[in-house]
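Notes for the one structure printed next.
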Amino acid sequence: MDVAAAVATLLSPGAGRDPYPAYAALRSAGPIVGHGGAFFVSGYEPADAILRDPIMRTYDSTLLDQHFDDWRDNRGVALFVDSMLRQNPPNHTRMRRLASGVFTARRVGRLRPVIEAQVGDALDELAAHAQDGVVDVMTHLAYPLPIAVICALLGVPPEDRAQFRRLAEALTAVLEVRFSESEAIAAHAAAKELEAYFEALISIRRQDPRDDLVTALAAAHEAGGDKLTADELLGNLALLLVAGFETTTNLLGNGLRLLLQRPELANRLRADPEFAPAVVEETLRYDPPVQLTERFAGEDRVVAGLPVPAGAELILFLGAANRDPHRFTDPDRFDPDRPGNAPLSFGAGAHYCLGAPLARLEAQVALPALLRRFPQLAAAGEPERRNRLTLRGWAAQPVALGAATGASVEWAG
């Protein structure tokens, strides 16, 4: 497979099924290659440098105006543009500072007992939905658990959670490098529905403040000095909701699939919860829930010896960088004992994912708890991949539960 074929494969609708052969072909041509007017990055070192370079810009409104003059007509696109995901300094700096002030390590740390309790409840529900001992672990664990956790953090009432998988599935299509007209229409409708929901919840929280992110960010909107506009408030709430569970859902699904294919590692994790951080970090490297991101060169740059002109688009394949043999020994082997493991799965630099500690914590609690509760857990048929590359994961993953032990997750603390 040459560069042209690799790029065509990775930009095709079915790229998410197995992008790794195309990544390897692209990387064999160099850590960064130019093709078709864009630059494609597969090497770890240049990807890390680009993510940390303040000259490299994310896809903000100014850049969208240059490429898609009608983007404002789609609320799915516009909603993310109003969030810190699609902002550059100084707006990104302001939004990030406000969000960081309420999305603190202390707040996330306080969620551990909540996560442990919700994992226990989710495992009960998983068993309750099994038919002849078989259940889809994505529908009945990997989606509802992260939704419950991020909703607890945001302050979304439990009775409202059921709608968010549907809305996120539609909305996140616009984060792909390519998406269809039908997906754009669905994303627009989902964004409008999500905006209406948050507008109503913000109104409630202004009358009845709580210790949650909706209350805190609404207060930031109304504060003097650095503050969020009304559109930025909605955009960042939508981002925190969607990013808060979509990536974790994929992390849980990808991690479980890898463990079910490696019974010796599953048994080790079942017996030793202290092994969980290493398993989660290697899952993030080996099959990351976010496979790519984009940047634009704000000035002329030389990246890994290749001249990149100002205004050029760079597509960073994080999944490829995480398997760069110049950074990781034997990169195509799943090895939780790998030393110096530092994948780029949550990005790097100013846009490093705020929710990374929360996603890691959820997976570190949930995966060993699932294996301990169901010691005979096994795959039950072929899983179904989502038709996405940016947010790569499983749509369905049937498992046979076997006999349950009835163990709680208190040991995971």
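Ligands are numbered from 1 in the order shown, residues from 1 within each chain, and chains are lettered A, B, ... in the order they appear in the structure tokens.
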### Polymer residues at most 12 Å from Gly347 of chain A, only C-alpha atoms, same-chain spacing of 2 or more positions, as a ChimeraX atom specification
/A:44,47-52,85,284-285,288-295,316-319,321-322,342-345,349-356
### Message
Could you list, as an MDAnalysis selection string, every residue within 9 Å of Gln376 of chain A, counting only C-alpha atoms and ignoring same-chain residues fewer than 4 positions away?
### Response
chainID A and resid 371 400:404
Keeping only all heavy atoms, take the residues you just selected and write them out as a compact mmCIF listing (two decimals), in the first residue's frame.
# COMPACT_ATOMS: atom_id res chain seq x y z
N LEU A 371 -14.54 -8.11 35.56
CA LEU A 371 -13.90 -9.43 35.50
C LEU A 371 -14.04 -10.18 36.82
O LEU A 371 -14.18 -11.42 36.83
CB LEU A 371 -12.42 -9.26 35.16
CG LEU A 371 -12.11 -8.70 33.77
CD1 LEU A 371 -10.63 -8.39 33.63
CD2 LEU A 371 -12.56 -9.66 32.68
N ALA A 400 -20.80 -13.53 27.10
CA ALA A 400 -21.45 -14.51 27.97
C ALA A 400 -20.93 -14.28 29.38
O ALA A 400 -19.73 -14.29 29.62
CB ALA A 400 -21.13 -15.93 27.50
N LEU A 401 -21.86 -14.06 30.31
CA LEU A 401 -21.46 -13.69 31.67
C LEU A 401 -20.99 -14.87 32.50
O LEU A 401 -20.10 -14.72 33.35
CB LEU A 401 -22.63 -13.00 32.38
CG LEU A 401 -23.13 -11.69 31.76
CD1 LEU A 401 -24.28 -11.13 32.59
CD2 LEU A 401 -21.99 -10.68 31.68
N GLY A 402 -21.57 -16.05 32.28
CA GLY A 402 -21.25 -17.17 33.15
C GLY A 402 -21.79 -16.93 34.55
O GLY A 402 -22.65 -16.06 34.77
N ALA A 403 -21.29 -17.63 35.52
CA ALA A 403 -21.75 -17.48 36.90
C ALA A 403 -21.13 -16.23 37.50
O ALA A 403 -19.96 -15.93 37.29
CB ALA A 403 -21.38 -18.70 37.72
N ALA A 404 -21.94 -15.49 38.27
CA ALA A 404 -21.46 -14.29 38.95
C ALA A 404 -21.02 -14.64 40.36
O ALA A 404 -21.54 -15.57 40.98
CB ALA A 404 -22.55 -13.23 38.98
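Residue nearest Arg112 of chain A, chosen from A:Asp231, A:Glu362, A:Asp335, A:Glu281 and counting only C-alpha atoms: A:Glu362.
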### Task
Mind the document's chain letters and residue numbers, and return as a ChimeraX atom specification the residues of segment 202-333 of chain A that DSSP labels alpha helix (DSSP H).
/A:202-207,213-222,230-260,263-271,276-286,318-321
### Task
List every residue of segment 153-359 of chain A that DSSP, applied to the backbone, labels as strand (DSSP E), and write the result as a VMD selection string.
chain A and resid 292 to 297 301 to 303 306 to 308 313 to 317
### Task
Give me, please, the distance in Å between atom CA of Tyr286 of chain A and atom CA of Pro331 of chain A, quoted to one decimal.
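Separation of atom CA of Tyr286 of chain A and atom CA of Pro331 of chain A: 7.8 Å.
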### Query
Expressed in Å to a single decimal, how great is the separation between atom CA of Ala191 of chain A and atom CA of Arg96 of chain A?
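Interatomic distance, atom CA of Ala191 of chain A to atom CA of Arg96 of chain A: 21.7 Å.
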#### Entry: Shell of 9 Å around Asn236 of chain A, only C-alpha atoms, local chain residues under 3 positions omitted, as an MDAnalysis selection string
chainID A and resid 79:80 82:85 95 99 217 231:233 239:241
Between segment 20-103 of chain A and segment 179-189 of chain A, at 7 Å or less, what are the per-residue closest atom pairs and their distances in Å? Count only C-alpha atoms, order by chain and rising residue number, and return it as a tab-separated table.
residue	atom	partner	partner_atom	distance
A:Asn74	CA	A:His188	CA	5.2
A:Arg75	CA	A:His188	CA	4.8
A:Gly76	CA	A:His188	CA	4.6
Please produce an output containing N, CA, C and O atoms for each residue in the selection, written as a PDB file, in the first residue's frame.
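Output below, filename part-v9.pdb:
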ATOM      1  N   ASN A  74     -25.150  24.860  10.344  1.00  0.00           N
ATOM      2  CA  ASN A  74     -25.266  23.566  11.021  1.00  0.00           C
ATOM      3  C   ASN A  74     -24.902  23.745  12.487  1.00  0.00           C
ATOM      4  O   ASN A  74     -23.751  24.015  12.821  1.00  0.00           O
ATOM      5  N   ARG A  75     -25.894  23.588  13.364  1.00  0.00           N
ATOM      6  CA  ARG A  75     -25.649  23.794  14.791  1.00  0.00           C
ATOM      7  C   ARG A  75     -24.729  22.725  15.375  1.00  0.00           C
ATOM      8  O   ARG A  75     -24.075  22.953  16.390  1.00  0.00           O
ATOM      9  N   GLY A  76     -24.649  21.562  14.734  1.00  0.00           N
ATOM     10  CA  GLY A  76     -23.718  20.545  15.212  1.00  0.00           C
ATOM     11  C   GLY A  76     -22.285  21.018  15.106  1.00  0.00           C
ATOM     12  O   GLY A  76     -21.484  20.853  16.029  1.00  0.00           O
TER      13      GLY A  76
END
### Task
Determine, counting only C-alpha atoms, which protein, DNA and RNA residues have an atom within 8 Å of an atom of segment 129-142 of chain A; residues of the same chain fewer than 3 positions away are not included. Present the result as a ChimeraX atom specification.
/A:122-123,125-126,145-146,248-250,252-253,380,394-402
### Message
Give me, as a PyMOL selection string, all polymer residues having an atom no more than 8 Å from Gln87 of chain A, counting only C-alpha atoms and skipping those fewer than 3 positions away in the same chain.
### Response
chain A and resi 58-61+81-84+91-92
Give me a file of those residues, with C-alpha atoms, as a CSV table (one decimal), in the first residue's frame.
chain,number,residue,atom,x,y,z
A,58,THR,CA,-7.1,24.1,15.8
A,59,TYR,CA,-10.1,24.3,13.5
A,60,ASP,CA,-11.7,27.6,14.7
A,61,SER,CA,-14.3,29.9,13.1
A,81,VAL,CA,-16.9,25.8,17.5
A,82,ASP,CA,-18.3,27.7,20.5
A,83,SER,CA,-16.4,25.3,22.8
A,84,MET,CA,-12.8,25.2,23.8
A,91,ASN,CA,-10.3,32.5,23.6
A,92,HIS,CA,-9.1,29.0,24.3
### Query
What is the atom CA of Leu10 of chain A-atom CA of Arg386 of chain A distance in Å, reported with one decimal?
14.8 Å
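Distance check against Ala379 of chain A using only C-alpha atoms: of A:Arg262, A:Lys227, A:His221, A:Arg166, the minimum falls on A:Arg262.
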## Note on the structure
Min atom-atom distance to Pro144 of chain A from the set A:Ala348, A:Ala312, A:Ala162, A:Leu201, counting only C-alpha atoms, belongs to A:Ala162
